[in-house]
file input-v3.cif (mmCIF, C-alpha atoms and all ligand atoms)
data_my_file
loop_
_atom_site.label_atom_id
_atom_site.label_comp_id
_atom_site.auth_asym_id
_atom_site.auth_seq_id
_atom_site.Cartn_x
_atom_site.Cartn_y
_atom_site.Cartn_z
CA MET Q 2 -10.50 20.47 -14.55
CA SER Q 3 -7.74 18.07 -13.54
CA GLU Q 4 -5.89 18.76 -10.32
CA ARG Q 5 -3.10 21.29 -10.86
CA LEU Q 6 -0.75 22.24 -8.11
CA VAL Q 7 2.47 24.22 -7.66
CA MET Q 8 4.67 23.76 -4.61
CA THR Q 9 6.86 26.78 -4.09
CA GLY Q 10 9.85 27.50 -1.88
CA GLY Q 11 10.85 23.94 -0.98
CA THR Q 12 14.12 22.03 -1.11
CA VAL Q 13 13.87 18.95 -3.30
CA VAL Q 14 15.69 15.80 -2.15
CA ASP Q 15 15.92 12.73 -4.38
CA GLN Q 16 18.42 10.33 -5.95
CA HIS Q 17 20.03 13.26 -7.75
CA GLY Q 18 20.78 15.28 -4.62
CA GLU Q 19 19.36 18.26 -2.80
CA ARG Q 20 18.42 21.57 -4.46
CA ARG Q 21 15.98 24.51 -4.21
CA LEU Q 22 13.14 23.89 -6.67
CA ASP Q 23 9.48 24.72 -7.18
CA VAL Q 24 7.45 21.80 -8.50
CA ARG Q 25 4.42 21.98 -10.83
CA ILE Q 26 2.05 19.00 -10.90
CA ALA Q 27 -0.75 18.26 -13.36
CA ASP Q 28 -2.64 15.09 -14.35
CA GLY Q 29 -0.88 13.09 -11.63
CA CYS Q 30 2.65 13.88 -12.84
CA VAL Q 31 5.43 16.35 -12.27
CA VAL Q 32 5.22 18.63 -15.32
CA GLU Q 33 7.74 21.36 -14.52
CA THR Q 34 10.46 22.17 -12.01
CA GLY Q 35 12.47 25.36 -11.61
CA PRO Q 36 13.88 27.78 -9.09
CA SER Q 37 10.89 30.16 -9.29
CA LEU Q 38 7.80 29.04 -11.17
CA VAL Q 39 5.02 31.54 -11.86
CA VAL Q 40 1.66 30.38 -10.46
CA ASP Q 41 -1.64 31.04 -12.23
CA PRO Q 42 -4.19 31.09 -9.35
CA SER Q 43 -7.14 30.87 -11.76
CA VAL Q 44 -6.22 27.32 -12.78
CA GLU Q 45 -3.87 25.97 -10.13
CA GLN Q 46 -3.49 25.68 -6.39
CA GLN Q 47 -0.32 26.99 -4.74
CA LEU Q 48 1.20 25.26 -1.73
CA ASP Q 49 3.86 27.41 -0.09
CA VAL Q 50 6.37 24.91 1.23
CA SER Q 51 9.14 27.36 2.10
CA GLY Q 52 11.70 25.81 4.41
CA CYS Q 53 10.30 22.31 3.81
CA ILE Q 54 11.85 19.22 2.24
CA VAL Q 55 10.07 17.84 -0.85
CA GLY Q 56 10.87 14.27 -1.88
CA PRO Q 57 9.44 11.01 -3.20
CA GLY Q 58 6.69 9.52 -1.01
CA PHE Q 59 7.69 6.82 1.43
CA VAL Q 60 7.13 3.12 0.74
CA ASP Q 61 6.46 0.77 3.65
CA LEU Q 62 7.45 -2.84 3.12
CA HIS Q 63 5.69 -3.96 6.27
CA THR Q 64 2.18 -2.76 7.18
CA HIS Q 65 -0.53 -4.74 8.97
CA LEU Q 66 -3.85 -3.33 7.76
CA ARG Q 67 -5.92 -6.03 9.55
CA GLU Q 68 -8.66 -6.16 6.93
CA PRO Q 69 -10.24 -8.61 6.25
CA GLY Q 70 -10.92 -10.02 9.68
CA MET Q 71 -9.65 -7.75 12.43
CA THR Q 72 -11.33 -4.47 11.63
CA GLU Q 73 -11.65 -3.50 15.29
CA ALA Q 74 -7.87 -2.91 15.21
CA GLU Q 75 -7.55 -1.27 11.78
CA THR Q 76 -9.22 -1.14 8.37
CA ILE Q 77 -7.77 -0.54 4.94
CA GLU Q 78 -9.33 2.93 5.20
CA SER Q 79 -7.96 3.85 8.64
CA GLY Q 80 -4.57 2.28 7.83
CA SER Q 81 -4.40 4.20 4.54
CA LYS Q 82 -5.12 7.42 6.44
CA ALA Q 83 -2.33 6.60 8.90
CA ALA Q 84 0.01 5.81 6.01
CA ALA Q 85 -0.79 9.04 4.19
CA ARG Q 86 -0.25 11.06 7.37
CA GLY Q 87 3.09 9.33 7.81
CA GLY Q 88 4.18 10.37 4.31
CA TYR Q 89 3.65 6.97 2.66
CA THR Q 90 2.36 6.76 -0.88
CA ALA Q 91 2.63 2.95 -1.00
CA VAL Q 92 2.39 0.20 1.59
CA VAL Q 93 2.84 -3.55 1.33
CA ALA Q 94 -0.03 -5.13 3.28
CA MET Q 95 1.03 -8.12 5.39
CA PRO Q 96 -0.84 -11.38 4.81
CA ASN Q 97 -1.80 -12.34 8.39
CA THR Q 98 -5.39 -11.27 7.87
CA ASP Q 99 -8.43 -13.48 8.46
CA PRO Q 100 -8.81 -15.10 5.97
CA THR Q 101 -5.11 -15.15 5.09
CA GLN Q 102 -3.89 -13.43 1.92
CA ASP Q 103 -3.06 -16.79 0.40
CA CYS Q 104 -5.44 -16.84 -2.56
CA VAL Q 105 -6.49 -14.61 -5.44
CA GLU Q 106 -9.87 -13.65 -3.93
CA VAL Q 107 -8.45 -12.18 -0.71
CA VAL Q 108 -5.56 -10.44 -2.45
CA LYS Q 109 -7.95 -8.90 -4.98
CA PHE Q 110 -10.23 -7.71 -2.18
CA VAL Q 111 -7.37 -5.91 -0.38
CA ARG Q 112 -6.08 -4.31 -3.57
CA GLN Q 113 -9.57 -3.21 -4.66
CA ARG Q 114 -10.41 -1.76 -1.24
CA GLY Q 115 -7.13 0.18 -1.28
CA ILE Q 116 -8.03 1.63 -4.69
CA GLU Q 117 -11.51 2.62 -3.47
CA VAL Q 118 -10.06 4.41 -0.43
CA GLY Q 119 -7.57 6.11 -2.74
CA LEU Q 120 -5.18 7.58 -0.18
CA CYS Q 121 -2.11 5.49 -0.99
CA ASP Q 122 -1.11 2.50 -3.08
CA VAL Q 123 -2.07 -0.61 -1.07
CA ARG Q 124 -0.11 -3.59 -2.39
CA PRO Q 125 -1.07 -6.90 -0.82
CA SER Q 126 1.68 -9.39 -0.11
CA GLY Q 127 0.86 -13.08 -0.46
CA SER Q 128 1.64 -15.68 2.15
CA ILE Q 129 4.35 -18.21 1.33
CA THR Q 130 2.35 -21.10 2.75
CA VAL Q 131 -1.37 -21.83 2.73
CA GLY Q 132 -2.97 -20.31 5.84
CA ARG Q 133 0.58 -19.39 6.96
CA ALA Q 134 0.59 -22.89 8.41
CA GLY Q 135 4.06 -23.71 7.11
CA GLU Q 136 3.05 -26.86 5.26
CA SER Q 137 2.28 -26.26 1.58
CA LEU Q 138 3.13 -23.43 -0.80
CA THR Q 139 0.53 -20.97 -2.08
CA PRO Q 140 0.01 -20.62 -5.86
CA PHE Q 141 2.78 -18.03 -6.43
CA ALA Q 142 2.17 -17.76 -10.19
CA GLU Q 143 -1.57 -17.14 -9.80
CA LEU Q 144 -0.95 -14.54 -7.11
CA ALA Q 145 1.79 -12.89 -9.18
CA ALA Q 146 -0.70 -12.65 -12.07
CA VAL Q 147 -2.90 -10.39 -9.89
CA GLY Q 148 0.05 -8.20 -8.91
CA VAL Q 149 1.63 -9.82 -5.84
CA HIS Q 150 5.40 -9.36 -5.80
CA LEU Q 151 6.40 -9.98 -2.18
CA PHE Q 152 5.58 -13.23 -0.38
CA THR Q 153 5.90 -13.71 3.36
CA ASP Q 154 4.43 -15.67 6.26
CA ASP Q 155 5.12 -12.67 8.51
CA GLY Q 156 4.04 -13.20 12.08
CA SER Q 157 5.93 -16.46 11.80
CA GLY Q 158 8.90 -17.75 9.82
CA VAL Q 159 8.92 -20.71 7.45
CA GLN Q 160 10.31 -23.38 9.78
CA ASP Q 161 10.80 -26.25 7.31
CA ASP Q 162 14.19 -25.98 5.56
CA GLY Q 163 13.16 -28.06 2.55
CA LEU Q 164 9.96 -26.11 2.03
CA MET Q 165 11.86 -22.81 2.23
CA ARG Q 166 14.34 -24.10 -0.35
CA ARG Q 167 11.48 -25.01 -2.71
CA ALA Q 168 9.78 -21.66 -2.09
CA LEU Q 169 13.00 -19.84 -3.02
CA GLU Q 170 13.44 -21.88 -6.18
CA TYR Q 171 9.83 -21.28 -7.21
CA ALA Q 172 9.94 -17.54 -6.42
CA GLY Q 173 13.31 -17.14 -8.16
CA GLU Q 174 11.98 -18.64 -11.39
CA LEU Q 175 9.04 -16.21 -11.36
CA GLY Q 176 11.12 -13.12 -10.46
CA LEU Q 177 9.36 -12.71 -7.10
CA VAL Q 178 10.82 -11.96 -3.68
CA LEU Q 179 10.37 -13.91 -0.45
CA ALA Q 180 10.41 -11.90 2.78
CA GLN Q 181 11.27 -13.86 5.88
CA HIS Q 182 10.16 -13.30 9.46
CA CYS Q 183 13.27 -14.81 11.06
CA GLU Q 184 12.22 -16.76 14.13
CA VAL Q 185 12.93 -20.38 14.99
CA ALA Q 186 9.67 -21.15 16.78
CA SER Q 187 11.04 -23.93 18.98
CA LEU Q 188 13.32 -21.37 20.66
CA THR Q 189 10.62 -18.78 21.43
CA ARG Q 190 7.69 -20.79 22.82
CA GLY Q 191 6.06 -18.81 25.63
CA ALA Q 192 8.63 -16.02 25.29
CA VAL Q 193 7.60 -12.52 26.30
CA MET Q 194 10.72 -10.38 25.93
CA HIS Q 195 14.37 -10.45 24.88
CA GLU Q 196 16.38 -13.09 26.76
CA GLY Q 197 19.01 -11.24 28.74
CA GLU Q 198 19.77 -9.52 32.00
CA CYS Q 199 16.59 -7.45 32.15
CA CYS Q 200 14.39 -10.48 31.49
CA SER Q 201 16.11 -12.56 34.18
CA HIS Q 202 15.66 -9.69 36.60
CA LEU Q 203 11.93 -9.45 35.81
CA GLY Q 204 11.54 -13.24 35.89
CA LEU Q 205 9.91 -13.38 32.47
CA PRO Q 206 10.39 -16.08 29.80
CA GLY Q 207 13.10 -14.99 27.36
CA TRP Q 208 13.25 -14.72 23.57
CA PRO Q 209 16.85 -15.47 22.59
CA ALA Q 210 18.63 -13.49 19.89
CA LEU Q 211 19.68 -16.86 18.49
CA ALA Q 212 16.07 -17.63 17.45
CA GLU Q 213 16.40 -14.84 14.86
CA GLU Q 214 20.04 -15.36 13.96
CA LEU Q 215 19.69 -19.08 13.18
CA MET Q 216 17.03 -18.37 10.58
CA VAL Q 217 18.94 -15.40 9.13
CA HIS Q 218 21.92 -17.75 8.75
CA ARG Q 219 19.83 -20.58 7.24
CA ASP Q 220 18.16 -18.30 4.72
CA ILE Q 221 21.45 -16.74 3.64
CA GLU Q 222 22.80 -20.25 3.00
CA LEU Q 223 19.64 -21.15 1.04
CA VAL Q 224 20.13 -18.01 -1.06
CA ARG Q 225 23.72 -19.12 -1.71
CA LEU Q 226 22.38 -22.50 -2.86
CA THR Q 227 19.44 -21.33 -4.98
CA GLY Q 228 20.58 -17.91 -6.21
CA SER Q 229 17.08 -16.55 -5.44
CA PRO Q 230 16.68 -13.28 -3.54
CA VAL Q 231 15.46 -13.03 0.03
CA HIS Q 232 14.38 -10.01 2.03
CA LEU Q 233 14.86 -10.27 5.80
CA LEU Q 234 12.15 -8.57 7.83
CA HIS Q 235 12.61 -6.50 11.01
CA LEU Q 236 16.22 -7.36 11.94
CA SER Q 237 16.80 -6.78 15.62
CA THR Q 238 20.15 -8.21 16.72
CA ALA Q 239 23.78 -7.22 16.25
CA ARG Q 240 24.71 -10.69 14.98
CA SER Q 241 21.89 -10.61 12.37
CA VAL Q 242 23.33 -7.37 11.02
CA GLU Q 243 26.81 -8.94 10.85
CA LEU Q 244 25.45 -11.97 8.99
CA VAL Q 245 23.74 -9.76 6.40
CA ARG Q 246 26.86 -7.63 6.04
CA ALA Q 247 28.91 -10.75 5.27
CA ALA Q 248 26.25 -12.08 2.84
CA LYS Q 249 26.31 -8.80 0.92
CA ALA Q 250 30.11 -8.85 0.83
CA ASP Q 251 29.77 -12.29 -0.80
CA GLY Q 252 27.53 -10.72 -3.46
CA LEU Q 253 24.38 -12.61 -2.43
CA PRO Q 254 20.96 -11.13 -3.32
CA VAL Q 255 19.98 -10.49 0.30
CA THR Q 256 18.14 -7.35 1.41
CA ALA Q 257 17.02 -6.39 4.89
CA GLU Q 258 14.89 -3.94 6.81
CA ALA Q 259 14.81 -2.53 10.35
CA THR Q 260 11.91 -0.97 12.24
CA PRO Q 261 11.82 2.42 13.97
CA HIS Q 262 11.28 0.68 17.33
CA HIS Q 263 14.39 -1.48 17.03
CA ILE Q 264 16.50 1.65 16.57
CA SER Q 265 14.90 3.68 19.36
CA LEU Q 266 13.82 1.42 22.26
CA THR Q 267 15.41 -1.32 24.37
CA ASP Q 268 14.24 -4.24 26.53
CA GLU Q 269 14.51 -1.90 29.53
CA SER Q 270 11.14 -0.43 28.43
CA LEU Q 271 9.46 -3.63 29.64
CA ARG Q 272 10.35 -2.92 33.28
CA ALA Q 273 6.87 -1.52 33.93
CA PHE Q 274 5.28 -4.66 32.41
CA ASP Q 275 3.52 -2.46 29.83
CA ALA Q 276 2.41 -4.53 26.81
CA ARG Q 277 2.72 -1.54 24.46
CA PHE Q 278 6.41 -2.45 24.44
CA LYS Q 279 5.81 -6.12 23.59
CA VAL Q 280 6.70 -6.80 19.99
CA ASN Q 281 7.98 -9.60 17.78
CA PRO Q 282 10.98 -9.67 17.41
CA PRO Q 283 11.36 -8.18 20.88
CA LEU Q 284 13.09 -4.96 21.84
CA ARG Q 285 16.74 -5.87 22.42
CA THR Q 286 19.72 -4.32 24.20
CA MET Q 287 21.40 -0.96 23.54
CA ALA Q 288 24.28 -2.80 21.83
CA ASP Q 289 21.78 -4.33 19.38
CA VAL Q 290 20.10 -0.96 18.82
CA GLU Q 291 23.47 0.58 17.99
CA ALA Q 292 24.37 -2.27 15.63
CA VAL Q 293 21.07 -1.93 13.76
CA ARG Q 294 21.58 1.84 13.47
CA GLY Q 295 25.07 1.10 12.15
CA GLY Q 296 23.60 -1.30 9.60
CA LEU Q 297 21.25 1.39 8.32
CA ALA Q 298 24.04 3.95 8.17
CA ASP Q 299 26.50 1.79 6.20
CA GLY Q 300 24.01 0.27 3.74
CA THR Q 301 23.89 -3.24 5.23
CA ILE Q 302 20.20 -2.70 5.95
CA ASP Q 303 18.31 -1.40 2.92
CA ALA Q 304 15.07 -0.06 4.36
CA ILE Q 305 13.28 1.32 7.36
CA ALA Q 306 9.96 -0.56 7.54
CA THR Q 307 7.32 0.14 10.14
CA ASP Q 308 5.86 -3.27 11.07
CA HIS Q 309 2.79 -1.14 11.85
CA ALA Q 310 0.84 -3.64 13.98
CA PRO Q 311 -2.39 -2.21 15.42
CA HIS Q 312 -4.10 -4.04 18.30
CA PRO Q 313 -7.22 -3.02 20.22
CA SER Q 314 -6.70 -1.60 23.73
CA ARG Q 315 -8.53 -4.48 25.39
CA ALA Q 316 -5.95 -6.88 23.90
CA LYS Q 317 -2.94 -4.76 24.85
CA GLU Q 318 -4.32 -4.28 28.38
CA ARG Q 319 -4.09 -8.01 29.06
CA PRO Q 320 -1.18 -9.32 31.18
CA LEU Q 321 2.16 -9.22 29.38
CA ASP Q 322 2.27 -12.94 28.66
CA GLU Q 323 -1.22 -12.89 27.08
CA ALA Q 324 -1.11 -9.58 25.18
CA PRO Q 325 -0.38 -9.77 21.44
CA PRO Q 326 2.96 -8.39 20.17
CA GLY Q 327 3.04 -5.32 17.96
CA MET Q 328 3.11 -1.51 17.90
CA LEU Q 329 1.86 1.27 15.65
CA GLY Q 330 4.44 2.75 13.31
CA LEU Q 331 3.13 4.52 10.22
CA GLU Q 332 2.56 7.97 11.70
CA THR Q 333 5.76 8.12 13.74
CA SER Q 334 8.42 6.46 11.58
CA LEU Q 335 9.87 9.63 10.05
CA GLY Q 336 9.98 11.40 13.44
CA VAL Q 337 11.68 8.45 15.12
CA ALA Q 338 14.19 7.92 12.32
CA ARG Q 339 15.09 11.63 12.24
CA SER Q 340 15.36 11.80 16.01
CA VAL Q 341 17.68 8.83 16.51
CA LEU Q 342 19.68 8.24 13.33
CA GLY Q 343 21.44 11.52 12.62
CA LEU Q 344 21.46 10.78 8.87
CA GLY Q 345 21.21 13.35 6.08
CA TRP Q 346 18.00 13.74 4.10
CA GLN Q 347 19.15 11.87 1.03
CA GLN Q 348 20.15 8.80 3.02
CA LEU Q 349 16.87 8.90 4.96
CA PHE Q 350 14.88 9.05 1.72
CA ALA Q 351 16.88 6.13 0.34
CA LEU Q 352 15.85 4.07 3.39
CA LEU Q 353 12.23 5.23 3.48
CA SER Q 354 11.46 5.61 -0.21
CA TRP Q 355 13.41 4.39 -3.24
CA GLN Q 356 15.20 1.39 -1.75
CA PRO Q 357 12.02 -0.16 -0.29
CA ALA Q 358 10.18 0.72 -3.54
CA THR Q 359 12.70 -1.37 -5.47
CA ILE Q 360 12.43 -4.32 -3.04
CA ALA Q 361 8.62 -4.19 -3.30
CA GLY Q 362 8.85 -4.28 -7.11
CA LEU Q 363 7.40 -0.76 -7.27
CA GLY Q 364 10.53 1.03 -8.42
CA GLU Q 365 8.96 2.12 -11.70
CA VAL Q 366 6.15 4.00 -9.95
CA HIS Q 367 7.20 4.96 -6.41
CA GLY Q 368 10.40 6.38 -4.99
CA ARG Q 369 11.02 8.15 -8.29
CA PRO Q 370 13.16 11.27 -8.77
CA VAL Q 371 11.29 14.57 -8.51
CA ALA Q 372 11.57 15.27 -12.24
CA VAL Q 373 9.40 16.11 -15.24
CA GLY Q 374 7.33 13.15 -16.46
CA GLU Q 375 7.54 11.24 -13.18
CA PRO Q 376 4.42 10.24 -11.21
CA ALA Q 377 3.64 12.80 -8.50
CA HIS Q 378 3.82 10.59 -5.38
CA LEU Q 379 5.51 13.03 -3.02
CA VAL Q 380 5.97 13.96 0.60
CA VAL Q 381 6.57 17.42 2.05
CA ILE Q 382 8.32 17.52 5.42
CA ASP Q 383 8.51 20.31 7.96
CA GLN Q 384 12.07 19.57 8.95
CA ASN Q 385 12.16 21.84 12.00
CA ALA Q 386 8.90 20.66 13.60
CA GLU Q 387 9.10 19.16 17.08
CA TRP Q 388 6.05 17.28 18.25
CA SER Q 389 4.91 14.84 20.85
CA VAL Q 390 2.74 11.85 20.14
CA ASP Q 391 -0.88 11.88 21.29
CA PRO Q 392 -2.39 8.45 20.58
CA MET Q 393 -5.89 9.92 20.42
CA GLN Q 394 -4.83 12.20 17.55
CA LEU Q 395 -3.54 9.38 15.34
CA ALA Q 396 -5.55 8.28 12.31
CA SER Q 397 -5.12 4.62 13.20
CA LEU Q 398 -8.11 2.92 14.86
CA SER Q 399 -5.74 1.60 17.53
CA THR Q 400 -3.65 3.50 20.06
CA ASN Q 401 -0.80 1.09 20.80
CA THR Q 402 2.06 3.50 20.15
CA PRO Q 403 5.12 3.19 22.38
CA TYR Q 404 6.07 6.84 21.79
CA VAL Q 405 3.60 8.63 24.08
CA GLY Q 406 5.30 11.55 25.73
CA MET Q 407 8.39 11.36 23.52
CA THR Q 408 9.40 14.44 21.50
CA LEU Q 409 10.00 13.66 17.84
CA GLN Q 410 11.77 15.80 15.27
CA SER Q 411 10.47 16.63 11.77
CA ARG Q 412 6.91 16.00 10.70
CA VAL Q 413 5.04 15.21 7.50
CA ARG Q 414 3.17 18.29 6.36
CA HIS Q 415 1.68 17.29 3.00
CA THR Q 416 1.43 14.01 1.11
CA ILE Q 417 0.72 14.01 -2.63
CA PHE Q 418 -0.66 10.81 -4.15
CA HIS Q 419 -1.26 10.64 -7.92
CA GLY Q 420 -0.86 14.41 -7.99
CA ARG Q 421 -3.58 14.95 -5.36
CA PRO Q 422 -2.82 16.38 -1.90
CA VAL Q 423 -4.23 13.57 0.27
CA VAL Q 424 -2.73 15.16 3.39
CA ILE Q 425 -2.60 18.92 3.80
CA ASP Q 426 -0.98 20.45 6.89
CA GLY Q 427 -1.08 17.07 8.60
CA MET Q 428 -4.80 16.51 8.03
CA VAL Q 429 -6.21 13.83 5.75
CA ASN Q 430 -7.96 15.40 2.76
CA ALA Q 431 -10.30 12.49 1.93
O1 LIG Q 501 5.04 -7.64 16.74
C1 LIG Q 501 4.58 -8.14 15.74
N1 LIG Q 501 3.27 -8.04 15.44
N2 LIG Q 501 5.37 -8.84 14.93
C2 LIG Q 501 4.91 -9.57 13.92
O2 LIG Q 501 5.68 -10.21 13.23
C3 LIG Q 501 3.45 -9.65 13.67
C4 LIG Q 501 2.78 -8.43 14.18
C5 LIG Q 501 1.26 -8.54 14.21
O3 LIG Q 501 0.68 -8.99 13.24
O4 LIG Q 501 0.68 -8.11 15.20
#
call {"tool": "encode", "arguments": {"input": "input-v3.cif", "output": "structure tokens"}}
result
Amino acid sequence: MSERLVMTGGTVVDQHGERRLDVRIADGCVVETGPSLVVDPSVEQQLDVSGCIVGPGFVDLHTHLREPGMTEAETIESGSKAAARGGYTAVVAMPNTDPTQDCVEVVKFVRQRGIEVGLCDVRPSGSITVGRAGESLTPFAELAAVGVHLFTDDGSGVQDDGLMRRALEYAGELGLVLAQHCEVASLTRGAVMHEGECCSHLGLPGWPALAEELMVHRDIELVRLTGSPVHLLHLSTARSVELVRAAKADGLPVTAEATPHHISLTDESLRAFDARFKVNPPLRTMADVEAVRGGLADGTIDAIATDHAPHPSRAKERPLDEAPPGMLGLETSLGVARSVLGLGWQQLFALLSWQPATIAGLGEVHGRPVAVGEPAHLVVIDQNAEWSVDPMQLASLSTNTPYVGMTLQSRVRHTIFHGRPVVIDGMVNA
């Protein structure tokens, strides 16, 4: 018998608004919705979701799954579990694996492993340059033929202006999207934290906001020249947000994302020299945090993306200047966004689900309305839950969350992937 499920008592939120609806699922799709569906317990499972929000599953544009190569930190299996627990039904896997996702073999491996695990849709990105070395372009067309839509050298930005121009022209012709990690490397060598008052006080090498803003500006101008779209990863400064706002006002095909940590934490967190708060781009000032929140609220920034970046404890326990940058994000993103943004459910779903789905080229399958005939990739949220983060309880293999001891609001209760409850009451149903 195929999996049949009825969710009763919930409030559905999607592109069409917010309304009380029960949802019947069969064969991986939504087959019926209505204010009070009758359940037949002999053939279908009932999930009572009274008081909960039911909406399209989240889509993360920015997940580091670490496999192949760094499976001490995360695997496609553990990362998929973390994603499912965070309400994600699709994640774009970043290419800074070892070997790099710069060729068909590695991309196929990641995709295949994601399918075998079967907890969410794992979509590998491809790197823009071979080995992410910034010198020669990867075979975009070959990679697109095996399903890659988003290309990025994330972890570093493409430094060479001419190469970035060619990459945009090439991607534009093929209908692909380039996602830029905006960082001018010559301005951030040896940097540990945001360059500003706090960093001077601590006597640590600073990471200027300008390093990000220069590349945001350059890429916007290259988009103006080529007409090809660009997606700007993890924006962290007030000026970056302004630049994107102006580019959109000019009608340029520029999209952008922000992470949960850049809307919830500041450079002040580094005062205890704790490397859990070291991240690239770095945590900035409260004025930057407010500007990024403003960008999400007014539509300048299109998506909340986690930049889920697991690292083993022994790496994060190294001195601040030696520890790698990055923090976990998949299991806490909803709670952080709900706690700090003060946005309504529909706007939050736009930022976590259908807008990132469109940028990832997944808009036909993920982030769909909760309606008859649509694929059943859904999340159920206990909107009134308050919880505190225990790193040992996370599904991720790593524990480098910056949110220990913080109380978060709202929590993912169930995640439905291809019509199957892969998370029930917060637990992975493998
Ligand atoms: O903090 C970060 N960590 N930023 C990045 O861009 C890369 C990531 C990683 O791979 O650890």
call {"tool": "closest_atom_pairs", "arguments": {"input": "input-v3.cif", "of": "range 33-94 of chain Q", "to": "range 322-327 of chain Q", "cutoff": "12 Å", "atoms": "all atoms listed in the file", "output": "tab-separated table"}}
result
residue	atom	partner	partner_atom	distance
Q:Thr64	CA	Q:Gly327	CA	11.1
Q:His65	CA	Q:Gly327	CA	9.7
Q:Ala74	CA	Q:Gly327	CA	11.5
call {"tool": "closest_atom_pairs", "arguments": {"input": "input-v3.cif", "of": "chain Q", "to": "ligand LIG 501 (chain Q)", "cutoff": "6 Å", "atoms": "only C-alpha atoms and all ligand atoms", "output": "tab-separated table"}}
result
residue	atom	partner	partner_atom	distance
Q:Asp155	CA	Q:LIG501	O2	5.4
Q:Gly156	CA	Q:LIG501	O2	3.6
Q:Val280	CA	Q:LIG501	O1	3.7
Q:Asn281	CA	Q:LIG501	O1	3.7
Q:Ala310	CA	Q:LIG501	O4	4.6
Q:Pro326	CA	Q:LIG501	O1	4.1
Q:Gly327	CA	Q:LIG501	O1	3.3
call {"tool": "atom_distance", "arguments": {"input": "input-v3.cif", "atom1": "CA of Ser128 in chain Q", "atom2": "CA of Ser354 in chain Q"}}
result
23.6 Å
call {"tool": "closest_residue", "arguments": {"input": "input-v3.cif", "among": "Q:Arg5, Q:Arg369, Q:His378, Q:Arg294", "to": "Val341 in chain Q", "atoms": "all atoms listed in the file"}}
result
Q:Arg294
call {"tool": "closest_residue", "arguments": {"input": "input-v3.cif", "among": "Q:Pro376, Q:Pro283, Q:Gly135, Q:Pro357", "to": "Met194 in chain Q", "atoms": "all atoms listed in the file"}}
result
Q:Pro283
call {"tool": "closest_residue", "arguments": {"input": "input-v3.cif", "among": "Q:Ile221, Q:Ala94, Q:Val107, Q:Val55", "to": "Gln181 in chain Q", "atoms": "all atoms listed in the file"}}
result
Q:Ile221
call {"tool": "residues_around", "arguments": {"input": "input-v3.cif", "residues": "range 411-415 of chain Q", "least_positions_apart": "2", "cutoff": "10 Å", "atoms": "all atoms listed in the file", "output": "ChimeraX atom specification"}}
result
/Q:48,50,53-55,85-89,332-340,379-388,409,417-418,422-430
call {"tool": "residues_around", "arguments": {"input": "input-v3.cif", "residues": "Ser137 in chain Q", "least_positions_apart": "4", "cutoff": "8 Å", "atoms": "all atoms listed in the file", "output": "list of chain:residue names"}}
result
Q:Thr130, Q:Val131, Q:Leu164
call {"tool": "residues_around", "arguments": {"input": "input-v3.cif", "residues": "Asp299 in chain Q", "least_positions_apart": "4", "cutoff": "10 Å", "atoms": "only C-alpha atoms", "output": "list in words"}}
result
Arg246, Arg294, Gly295, Asp303 and Gln348 of chain Q
call {"tool": "write_last_selection", "arguments": {"input": "input-v3.cif", "atoms": "C-alpha atoms", "output": "PDB file, keeping the file's coordinate frame"}}
result
ATOM      1  CA  ARG Q 246      26.860  -7.630   6.040  1.00  0.00           C
ATOM      2  CA  ARG Q 294      21.580   1.840  13.470  1.00  0.00           C
ATOM      3  CA  GLY Q 295      25.070   1.100  12.150  1.00  0.00           C
ATOM      4  CA  ASP Q 303      18.310  -1.400   2.920  1.00  0.00           C
ATOM      5  CA  GLN Q 348      20.150   8.800   3.020  1.00  0.00           C
TER       6      GLN Q 348
END
call {"tool": "residues_near_point", "arguments": {"input": "input-v3.cif", "point": "(22.7, -20.2, -0.5)", "cutoff": "12 Å", "atoms": "all atoms listed in the file", "output": "list in words"}}
result
Asp162, Met165, Arg166, Leu169, Glu170, Val217, His218, Arg219, Asp220, Ile221, Glu222, Leu223, Val224, Arg225, Leu226, Thr227, Gly228, Ser229, Pro230, Val231, Ala248, Asp251, Gly252, Leu253, Pro254 and Val255 of chain Q
call {"tool": "residues_around", "arguments": {"input": "input-v3.cif", "residues": "Leu175 in chain Q", "least_positions_apart": "2", "cutoff": "12 Å", "atoms": "only C-alpha atoms", "output": "PyMOL selection string"}}
result
chain Q and resi 140-146+149-152+168-173+177-179+229-230
call {"tool": "closest_residue", "arguments": {"input": "input-v3.cif", "among": "Q:Leu244, Q:Ile305, Q:Ala84, Q:Leu22", "to": "Ala351 in chain Q", "atoms": "all atoms listed in the file"}}
result
Q:Ile305
call {"tool": "residues_around", "arguments": {"input": "input-v3.cif", "residues": "range 392-401 of chain Q", "least_positions_apart": "2", "cutoff": "6 Å", "atoms": "only C-alpha atoms", "output": "PyMOL selection string"}}
result
chain Q and resi 74-75+79-80+82-83+277+311-313+328-329
call {"tool": "closest_residue", "arguments": {"input": "input-v3.cif", "among": "Q:Gln347, Q:Thr402, Q:His262, Q:Pro370", "to": "Lys317 in chain Q", "atoms": "only C-alpha atoms"}}
result
Q:Thr402
call {"tool": "atom_distance", "arguments": {"input": "input-v3.cif", "atom1": "CA of Leu321 in chain Q", "atom2": "CA of Glu196 in chain Q"}}
result
15.0 Å
call {"tool": "closest_residue", "arguments": {"input": "input-v3.cif", "among": "Q:Val24, Q:Ala247, Q:Ala316, Q:Val13", "to": "Gly52 in chain Q", "atoms": "only C-alpha atoms"}}
result
Q:Val13
call {"tool": "atom_distance", "arguments": {"input": "input-v3.cif", "atom1": "CA of Gly11 in chain Q", "atom2": "CA of Thr416 in chain Q"}}
result
13.8 Å
